[in-house]
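**Q** Okay, handing you the structure first.
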Amino acid sequence: MEYRIGVDIGGTKIAAGLVNEEKEIVLKKSVPTRAGENYSLVVSDIADLIQDILDESHLQAADLSGIGIGCAGASDKESGIVLFSNNLGWRDVPLVPELKKRFDVPIHIDNDANAAALGEVLAGSAKGSRSCVMITLGTGVGGGIILDGKVYDGVNHAGGEVGHTVIVSGGEMCTCGRRGCFEAYASTTALIRMAKKAATAHPESRLYQIWQENGDLNGIGIFTAYHENDQTAKDAVAEYLFYVAEGVTNLVNIFQPEKIVIGGGICAQGDVILEPVRRQLAQDVFCKEVSLPDVVQATLGNDAGIIGAAYV
Ligand SMILES: [Zn+2]
């Protein structure tokens, strides 16, 4: 049996797993991310995590076919240096060279959203697809593009940032400093903004009541009101999904992938999210008469990032 280790470095935790050749995680461990602290501490946490997995599995580093890292931001794949990562507060961190001092095996690195997309293609909802675009709807909007079975990320490894393509010119301010990005309309942050605006206009709504009861409004509150048939919540979700579908339509027109995979906590809503997107695609995609991609829910959750990282 061939084994690899995949490491997913997130802003709050670092998760690593031993992945077998069936692309299954056979052992998984995680530690909190010491974001904002000296990078050498985080690097040593990652190395210890890998060593723990090897020890518990009675394996040596030499038994591994490789180690892969998924890290937010942009990394130079050849040198293994993390060029920048906002979540971690990193700039020019020699992550792979440092890890190579501990583990004498091939070590590769890629963006975490790209790794998640690859994970879904290898073992999840896009298994067997040659081309797929995955979007992760969370606090921001992550993107991963797989073409011919491989991650496409441009000449500088920073490509695939579909969240920062404009869908409303001059629209809402995005975290990147540009106005009207897909992320500013399709992140859960955007959904909450739209829901609060709708609730403020309709203080008689169940949505407004949930907001007041809980002291704040989040995705759970919004979908609770939605499933209680509250019209204000339904209108806010419909507005949000219109923008999600606008961005997805652009991606389909550019890439015509076999599958669009939608991930992030919100994808647990399943067809509530997917059906309106499919309907809008059927209306708006450029060559809809020829074919439309499958729009599917990501199935691996956080494991996608580990499995994909193992194979970057
Ligand atoms: Zn942006």
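By order of appearance in the structure tokens: chains A, B, ..., then residues from 1 within every chain, and ligands from 1 in the order shown.
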Write out as a ChimeraX atom specification each polymer residue whose atoms come within 6 Å of Ala309 of chain A, counting only C-alpha atoms; drop sequence neighbours fewer than 2 positions from it.

**A** /A:6,68-70,115,305-307,311-312

**Q** Can those selected residues be exported to a file as a PDB file, in the first residue's frame so that it contains all heavy atoms?

**A**
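Writing done, so here's result13.pdb:
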ATOM      1  N   GLY A   6      -1.187  14.403   3.726  1.00  0.00           N
ATOM      2  CA  GLY A   6      -1.677  15.705   3.273  1.00  0.00           C
ATOM      3  C   GLY A   6      -1.854  16.614   4.470  1.00  0.00           C
ATOM      4  O   GLY A   6      -2.348  16.182   5.522  1.00  0.00           O
ATOM      5  N   GLY A  68       2.231  16.482   1.047  1.00  0.00           N
ATOM      6  CA  GLY A  68       1.693  17.632   0.319  1.00  0.00           C
ATOM      7  C   GLY A  68       1.084  18.622   1.288  1.00  0.00           C
ATOM      8  O   GLY A  68       0.519  18.234   2.322  1.00  0.00           O
ATOM      9  N   ILE A  69       1.212  19.892   0.953  1.00  0.00           N
ATOM     10  CA  ILE A  69       0.724  20.950   1.829  1.00  0.00           C
ATOM     11  C   ILE A  69      -0.276  21.819   1.064  1.00  0.00           C
ATOM     12  O   ILE A  69       0.008  22.243  -0.059  1.00  0.00           O
ATOM     13  CB  ILE A  69       1.882  21.904   2.257  1.00  0.00           C
ATOM     14  CG1 ILE A  69       3.159  21.136   2.628  1.00  0.00           C
ATOM     15  CG2 ILE A  69       1.431  22.876   3.329  1.00  0.00           C
ATOM     16  CD1 ILE A  69       3.189  20.579   4.002  1.00  0.00           C
ATOM     17  N   GLY A  70      -1.409  22.092   1.659  1.00  0.00           N
ATOM     18  CA  GLY A  70      -2.348  23.078   1.134  1.00  0.00           C
ATOM     19  C   GLY A  70      -2.306  24.284   2.054  1.00  0.00           C
ATOM     20  O   GLY A  70      -2.535  24.157   3.254  1.00  0.00           O
ATOM     21  N   ALA A 115      -6.196  22.665  -3.501  1.00  0.00           N
ATOM     22  CA  ALA A 115      -6.084  21.315  -2.939  1.00  0.00           C
ATOM     23  C   ALA A 115      -7.472  20.736  -2.680  1.00  0.00           C
ATOM     24  O   ALA A 115      -7.728  19.559  -2.979  1.00  0.00           O
ATOM     25  CB  ALA A 115      -5.264  21.350  -1.641  1.00  0.00           C
ATOM     26  N   GLY A 305      -9.455  19.032   1.566  1.00  0.00           N
ATOM     27  CA  GLY A 305      -8.187  19.766   1.621  1.00  0.00           C
ATOM     28  C   GLY A 305      -7.009  18.861   1.960  1.00  0.00           C
ATOM     29  O   GLY A 305      -5.887  19.061   1.459  1.00  0.00           O
ATOM     30  N   ILE A 306      -7.248  17.849   2.796  1.00  0.00           N
ATOM     31  CA  ILE A 306      -6.176  16.918   3.189  1.00  0.00           C
ATOM     32  C   ILE A 306      -5.873  15.953   2.045  1.00  0.00           C
ATOM     33  O   ILE A 306      -4.709  15.762   1.662  1.00  0.00           O
ATOM     34  CB  ILE A 306      -6.574  16.129   4.462  1.00  0.00           C
ATOM     35  CG1 ILE A 306      -6.716  17.082   5.652  1.00  0.00           C
ATOM     36  CG2 ILE A 306      -5.566  15.010   4.753  1.00  0.00           C
ATOM     37  CD1 ILE A 306      -7.243  16.435   6.923  1.00  0.00           C
ATOM     38  N   ILE A 307      -6.937  15.367   1.478  1.00  0.00           N
ATOM     39  CA  ILE A 307      -6.740  14.386   0.392  1.00  0.00           C
ATOM     40  C   ILE A 307      -6.107  15.062  -0.815  1.00  0.00           C
ATOM     41  O   ILE A 307      -5.162  14.546  -1.416  1.00  0.00           O
ATOM     42  CB  ILE A 307      -8.088  13.717   0.013  1.00  0.00           C
ATOM     43  CG1 ILE A 307      -8.631  12.923   1.202  1.00  0.00           C
ATOM     44  CG2 ILE A 307      -7.926  12.816  -1.218  1.00  0.00           C
ATOM     45  CD1 ILE A 307     -10.058  12.439   1.042  1.00  0.00           C
ATOM     46  N   TYR A 311      -1.925  14.980  -2.815  1.00  0.00           N
ATOM     47  CA  TYR A 311      -1.646  14.712  -4.236  1.00  0.00           C
ATOM     48  C   TYR A 311      -1.273  15.957  -5.048  1.00  0.00           C
ATOM     49  O   TYR A 311      -1.210  15.886  -6.261  1.00  0.00           O
ATOM     50  CB  TYR A 311      -2.847  14.001  -4.873  1.00  0.00           C
ATOM     51  CG  TYR A 311      -2.882  12.537  -4.493  1.00  0.00           C
ATOM     52  CD1 TYR A 311      -3.540  12.123  -3.328  1.00  0.00           C
ATOM     53  CD2 TYR A 311      -2.222  11.587  -5.256  1.00  0.00           C
ATOM     54  CE1 TYR A 311      -3.533  10.793  -2.944  1.00  0.00           C
ATOM     55  CE2 TYR A 311      -2.228  10.255  -4.888  1.00  0.00           C
ATOM     56  CZ  TYR A 311      -2.878   9.870  -3.732  1.00  0.00           C
ATOM     57  OH  TYR A 311      -2.881   8.548  -3.361  1.00  0.00           O
ATOM     58  N   VAL A 312      -1.010  17.095  -4.394  1.00  0.00           N
ATOM     59  CA  VAL A 312      -0.651  18.292  -5.172  1.00  0.00           C
ATOM     60  C   VAL A 312       0.738  18.127  -5.779  1.00  0.00           C
ATOM     61  O   VAL A 312       1.562  17.404  -5.285  1.00  0.00           O
ATOM     62  CB  VAL A 312      -0.709  19.616  -4.348  1.00  0.00           C
ATOM     63  CG1 VAL A 312      -2.143  19.903  -3.934  1.00  0.00           C
ATOM     64  CG2 VAL A 312       0.255  19.621  -3.200  1.00  0.00           C
TER      65      VAL A 312
END

**Q** I need the residues of segment 8-81 of chain A that end up classed as strand (DSSP E or B) by DSSP on the backbone, written out as a ChimeraX atom specification.

**A** /A:8-9,13-20,25-32,64-71,74-76,81

**Q** Compute the set of protein, DNA and RNA residues whose minimum atom distance to ligand 1 is at most 12 Å, using only C-alpha atoms and all ligand atoms, and state it as a VMD selection string.

**A** chain A and resid 140 to 142 161 to 187

**Q** What separation in Å, quoted to one decimal, exists between atom CA of Met194 of chain A and atom CA of Asp230 of chain A?

**A**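 Between atom CA of Met194 of chain A and atom CA of Asp230 of chain A the gap is 14.8 Å.
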
**Q** Quick one, how far is atom CA of Asp63 of chain A from atom CA of Tyr3 of chain A?

**A**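 If I compute the distance from atom CA of Asp63 of chain A to atom CA of Tyr3 of chain A, I get 7.3 Å.
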
**Q** Rank A:Gly221, A:Gly73, A:Gly128, A:Gly89 by their smallest atom-to-atom distance to Asp110 of chain A, using only C-alpha atoms, and report the top residue only.

**A**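 Closest candidate: A:Gly73.
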
**Q** From the list A:Pro276, A:Lys29, A:Ile9, A:Asp76, which residue is nearest Gly154 of chain A when using only C-alpha atoms?

**A**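 Looking only at the distances to Gly154 of chain A, the closest residue turns out to be A:Asp76.
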
**Q** Which residues are near Ile50 of chain A? Cut-off 12 Å, only C-alpha atoms, ignore same chain within fewer than 5 positions. Put them as a ChimeraX atom specification.

**A** /A:4-8,14-18,27-31,43-45,55-57,59-61,64,66-69,99-100,102-103,107

**Q** Those selected residues, please, written with N, CA and C atoms and delivered as a tab-separated table (two decimals), in the first residue's frame.

**A**
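Result file follows (result_28.tsv):
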chain	number	residue	atom	x	y	z
A	4	ARG	N	0.59	8.59	1.53
A	4	ARG	CA	1.03	9.98	1.48
A	4	ARG	C	0.46	10.69	2.70
A	5	ILE	N	1.05	11.83	3.03
A	5	ILE	CA	0.46	12.67	4.08
A	5	ILE	C	0.06	14.00	3.46
A	6	GLY	N	-1.19	14.40	3.73
A	6	GLY	CA	-1.68	15.71	3.27
A	6	GLY	C	-1.85	16.61	4.47
A	7	VAL	N	-1.44	17.87	4.32
A	7	VAL	CA	-1.55	18.84	5.42
A	7	VAL	C	-2.34	20.04	4.92
A	8	ASP	N	-3.39	20.40	5.66
A	8	ASP	CA	-4.21	21.55	5.29
A	8	ASP	C	-4.01	22.63	6.36
A	14	ILE	N	-4.50	23.44	11.89
A	14	ILE	CA	-3.72	22.71	10.89
A	14	ILE	C	-4.18	21.26	10.99
A	15	ALA	N	-4.71	20.73	9.88
A	15	ALA	CA	-5.18	19.34	9.87
A	15	ALA	C	-4.29	18.54	8.94
A	16	ALA	N	-3.93	17.35	9.39
A	16	ALA	CA	-3.09	16.49	8.55
A	16	ALA	C	-3.65	15.08	8.58
A	17	GLY	N	-3.45	14.35	7.49
A	17	GLY	CA	-3.97	13.00	7.43
A	17	GLY	C	-3.07	12.08	6.63
A	18	LEU	N	-3.07	10.81	7.04
A	18	LEU	CA	-2.39	9.78	6.27
A	18	LEU	C	-3.39	9.28	5.23
A	27	LEU	N	-5.78	8.03	8.94
A	27	LEU	CA	-5.50	8.61	10.27
A	27	LEU	C	-5.44	10.12	10.11
A	28	LYS	N	-6.11	10.82	11.03
A	28	LYS	CA	-6.18	12.28	10.90
A	28	LYS	C	-5.89	12.91	12.25
A	29	LYS	N	-5.13	13.99	12.25
A	29	LYS	CA	-4.83	14.72	13.48
A	29	LYS	C	-4.81	16.21	13.18
A	30	SER	N	-5.02	17.02	14.22
A	30	SER	CA	-4.95	18.46	13.98
A	30	SER	C	-4.44	19.19	15.22
A	31	VAL	N	-3.93	20.37	14.99
A	31	VAL	CA	-3.49	21.26	16.09
A	31	VAL	C	-3.96	22.68	15.76
A	43	VAL	N	5.88	26.04	11.65
A	43	VAL	CA	6.57	25.00	10.90
A	43	VAL	C	6.88	23.82	11.81
A	44	SER	N	7.32	24.10	13.01
A	44	SER	CA	7.65	22.99	13.91
A	44	SER	C	6.38	22.26	14.36
A	45	ASP	N	5.24	22.98	14.50
A	45	ASP	CA	3.95	22.31	14.78
A	45	ASP	C	3.58	21.35	13.65
A	55	ASP	N	4.43	8.05	13.63
A	55	ASP	CA	4.63	7.20	14.82
A	55	ASP	C	3.41	6.33	15.09
A	56	GLU	N	2.23	6.96	15.05
A	56	GLU	CA	1.00	6.21	15.35
A	56	GLU	C	0.71	5.15	14.30
A	57	SER	N	1.20	5.37	13.08
A	57	SER	CA	0.96	4.41	12.00
A	57	SER	C	2.09	3.41	11.86
A	59	LEU	N	5.02	3.96	10.77
A	59	LEU	CA	5.68	4.17	9.47
A	59	LEU	C	6.88	5.08	9.67
A	60	GLN	N	7.81	4.99	8.71
A	60	GLN	CA	8.95	5.93	8.65
A	60	GLN	C	8.66	6.92	7.52
A	61	ALA	N	9.30	8.09	7.57
A	61	ALA	CA	9.11	9.05	6.48
A	61	ALA	C	9.43	8.40	5.14
A	64	LEU	N	6.78	6.91	2.91
A	64	LEU	CA	5.79	7.76	2.24
A	64	LEU	C	6.18	8.02	0.79
A	66	GLY	N	5.10	10.69	-0.56
A	66	GLY	CA	5.26	12.14	-0.55
A	66	GLY	C	4.43	12.80	0.52
A	67	ILE	N	4.73	14.05	0.74
A	67	ILE	CA	3.96	14.89	1.66
A	67	ILE	C	3.48	16.09	0.85
A	68	GLY	N	2.23	16.48	1.05
A	68	GLY	CA	1.69	17.63	0.32
A	68	GLY	C	1.08	18.62	1.29
A	69	ILE	N	1.21	19.89	0.95
A	69	ILE	CA	0.72	20.95	1.83
A	69	ILE	C	-0.28	21.82	1.06
A	99	LEU	N	10.68	21.97	6.14
A	99	LEU	CA	10.15	20.63	6.39
A	99	LEU	C	11.08	19.55	5.84
A	100	LYS	N	11.76	19.88	4.73
A	100	LYS	CA	12.68	18.90	4.12
A	100	LYS	C	13.84	18.58	5.06
A	102	ARG	N	13.48	17.93	8.08
A	102	ARG	CA	12.99	16.87	8.97
A	102	ARG	C	12.59	15.60	8.21
A	103	PHE	N	12.11	15.76	6.98
A	103	PHE	CA	11.58	14.60	6.25
A	103	PHE	C	12.20	14.53	4.86
A	107	ILE	N	8.27	16.77	-1.11
A	107	ILE	CA	7.25	17.59	-0.44
A	107	ILE	C	6.77	18.66	-1.42

**Q** Identify, on the basis of only C-alpha atoms, every residue whose closest approach to Val151 of chain A does not exceed 7 Å; exclude the query and any residue fewer than 4 positions from it along the same chain; express the result as JSON, numbers by chain.

**A** {"A": [114, 118, 145, 146, 147]}

**Q** Would you save the residues from that selection as a short mmCIF file (atom, residue, chain, number, x, y, z; two decimals), in the first residue's frame, using N, CA, C and O atoms?

**A**
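Writing the result to again.cif gives the following:
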data_model
loop_
_atom_site.label_atom_id
_atom_site.label_comp_id
_atom_site.auth_asym_id
_atom_site.auth_seq_id
_atom_site.Cartn_x
_atom_site.Cartn_y
_atom_site.Cartn_z
N ASN A 114 -7.22 25.18 -4.05
CA ASN A 114 -6.87 24.29 -5.17
C ASN A 114 -6.79 22.85 -4.67
O ASN A 114 -7.25 21.92 -5.35
N LEU A 118 -8.98 19.61 -5.92
CA LEU A 118 -8.35 18.36 -6.35
C LEU A 118 -8.87 17.18 -5.52
O LEU A 118 -9.12 16.10 -6.05
N ILE A 145 -9.62 25.47 -9.74
CA ILE A 145 -9.91 25.08 -11.12
C ILE A 145 -9.08 23.84 -11.46
O ILE A 145 -7.85 23.85 -11.30
N ILE A 146 -9.75 22.79 -11.90
CA ILE A 146 -9.05 21.57 -12.33
C ILE A 146 -9.30 21.40 -13.83
O ILE A 146 -10.45 21.32 -14.26
N LEU A 147 -8.22 21.40 -14.60
CA LEU A 147 -8.34 21.18 -16.04
C LEU A 147 -7.49 19.97 -16.40
O LEU A 147 -6.34 19.86 -15.95
#

**Q** What's around Glu258 of chain A at 12 Å? Count only C-alpha atoms, leave out sequence neighbours fewer than 4 positions away in its own chain, and write the answer as a ChimeraX atom specification.

**A** /A:121,125-134,145-149,251-252,291-296

**Q** Wanna dump the segment 71-147 of chain A-segment 201-219 of chain A contacts at 12 Å for me, each residue with its shortest atom pair and the distance in Å to one decimal, counting only C-alpha atoms, ordered by chain and number, as JSON lines?

**A**
{"residue": "A:Leu137", "atom": "CA", "partner": "A:Gly219", "partner_atom": "CA", "distance": 11.4}
{"residue": "A:Gly138", "atom": "CA", "partner": "A:Gly219", "partner_atom": "CA", "distance": 10.1}
{"residue": "A:Thr139", "atom": "CA", "partner": "A:Gly219", "partner_atom": "CA", "distance": 10.8}

**Q** Which polymer residues have any atom within 9 Å of an atom of Ala245 of chain A, counting only C-alpha atoms, with same-chain residues fewer than 5 positions away left out, as a CSV table (one decimal) with all heavy atoms, in the first residue's frame?

**A**
chain,number,residue,atom,x,y,z
A,186,ALA,N,-21.2,36.7,-2.8
A,186,ALA,CA,-21.5,35.2,-2.7
A,186,ALA,C,-20.9,34.6,-1.5
A,186,ALA,O,-21.1,33.4,-1.2
A,186,ALA,CB,-21.0,34.5,-4.0
A,240,TYR,N,-29.4,36.5,-2.8
A,240,TYR,CA,-28.0,35.9,-2.6
A,240,TYR,C,-27.7,34.9,-3.7
A,240,TYR,O,-26.7,35.0,-4.4
A,240,TYR,CB,-27.9,35.3,-1.2
A,240,TYR,CG,-26.7,34.5,-1.0
A,240,TYR,CD1,-25.4,35.1,-0.8
A,240,TYR,CD2,-26.8,33.1,-0.9
A,240,TYR,CE1,-24.3,34.3,-0.6
A,240,TYR,CE2,-25.6,32.3,-0.7
A,240,TYR,CZ,-24.4,32.9,-0.6
A,240,TYR,OH,-23.3,32.2,-0.4
A,250,ASN,N,-20.6,32.8,-15.2
A,250,ASN,CA,-19.3,33.3,-15.8
A,250,ASN,C,-18.3,32.2,-15.9
A,250,ASN,O,-17.6,32.0,-16.9
A,250,ASN,CB,-18.7,34.5,-15.0
A,250,ASN,CG,-19.5,35.7,-15.1
A,250,ASN,OD1,-20.3,35.9,-16.0
A,250,ASN,ND2,-19.3,36.6,-14.1
A,276,PRO,N,-31.7,26.6,-7.4
A,276,PRO,CA,-31.8,28.0,-8.1
A,276,PRO,C,-30.6,28.3,-9.0
A,276,PRO,O,-30.8,28.9,-10.0
A,276,PRO,CB,-31.9,28.9,-6.9
A,276,PRO,CG,-32.4,28.1,-5.8
A,276,PRO,CD,-31.8,26.7,-6.0
A,277,VAL,N,-29.4,27.8,-8.6
A,277,VAL,CA,-28.3,28.0,-9.4
A,277,VAL,C,-28.4,27.2,-10.7
A,277,VAL,O,-28.2,27.8,-11.8
A,277,VAL,CB,-27.0,27.6,-8.7
A,277,VAL,CG1,-25.7,27.6,-9.6
A,277,VAL,CG2,-26.8,28.4,-7.4
A,278,ARG,N,-28.9,26.0,-10.6
A,278,ARG,CA,-29.1,25.2,-11.9
A,278,ARG,C,-30.1,25.8,-12.8
A,278,ARG,O,-29.9,25.9,-14.0
A,278,ARG,CB,-29.6,23.8,-11.5
A,278,ARG,CG,-28.5,22.9,-10.8
A,278,ARG,CD,-29.2,21.5,-10.5
A,278,ARG,NE,-28.3,20.7,-9.7
A,278,ARG,CZ,-28.6,20.1,-8.6
A,278,ARG,NH1,-29.8,20.2,-8.1
A,278,ARG,NH2,-27.7,19.4,-7.9
A,279,ARG,N,-31.2,26.4,-12.2
A,279,ARG,CA,-32.2,27.0,-13.0
A,279,ARG,C,-31.7,28.2,-13.8
A,279,ARG,O,-32.0,28.4,-14.9
A,279,ARG,CB,-33.4,27.4,-12.2
A,279,ARG,CG,-34.4,26.3,-11.9
A,279,ARG,CD,-35.8,26.8,-11.4
A,279,ARG,NE,-35.7,27.7,-10.2
A,279,ARG,CZ,-35.7,27.2,-9.0
A,279,ARG,NH1,-35.9,25.9,-8.8
A,279,ARG,NH2,-35.7,28.0,-8.0
A,280,GLN,N,-30.9,29.0,-13.0
A,280,GLN,CA,-30.3,30.2,-13.7
A,280,GLN,C,-29.3,29.9,-14.8
A,280,GLN,O,-29.3,30.5,-15.8
A,280,GLN,CB,-29.7,31.1,-12.6
A,280,GLN,CG,-29.6,32.6,-13.0
A,280,GLN,CD,-29.3,33.5,-11.8
A,280,GLN,OE1,-29.9,33.3,-10.8
A,280,GLN,NE2,-28.4,34.4,-12.0
A,281,LEU,N,-28.5,28.8,-14.5
A,281,LEU,CA,-27.6,28.4,-15.5
A,281,LEU,C,-28.3,27.9,-16.8
A,281,LEU,O,-27.9,28.3,-17.9
A,281,LEU,CB,-26.7,27.2,-15.0
A,281,LEU,CG,-25.7,27.5,-14.0
A,281,LEU,CD1,-24.9,26.2,-13.7
A,281,LEU,CD2,-24.7,28.5,-14.4

**Q** Select, from A:Ile46, A:Ala62, A:Ile135, A:Ala199, the residue with the minimum atom-to-atom distance to Ala117 of chain A, counting only C-alpha atoms.

**A**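 Going through A:Ile46, A:Ala62, A:Ile135, A:Ala199 one by one, the smallest distance to Ala117 of chain A is for A:Ile135.
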
**Q** Between atom CA of Ile192 of chain A and atom CA of Gly144 of chain A, what is the spacing in Å?

**A** 24.0 Å

**Q** Excluding same-chain residues fewer than 5 positions from Glu2 of chain A, what lies within 8 Å of it counting only C-alpha atoms, as a list of chain:residue names?

**A**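 Once the nearby chain positions are removed, what remains is A:Asn20, A:Glu21, A:Leu64, A:Ser65.
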
**Q** Pick out each residue of segment 5-71 of chain A that DSSP on the backbone tags as alpha helix (DSSP H); I need them as a PyMOL selection string.

**A** chain A and resi 39-56
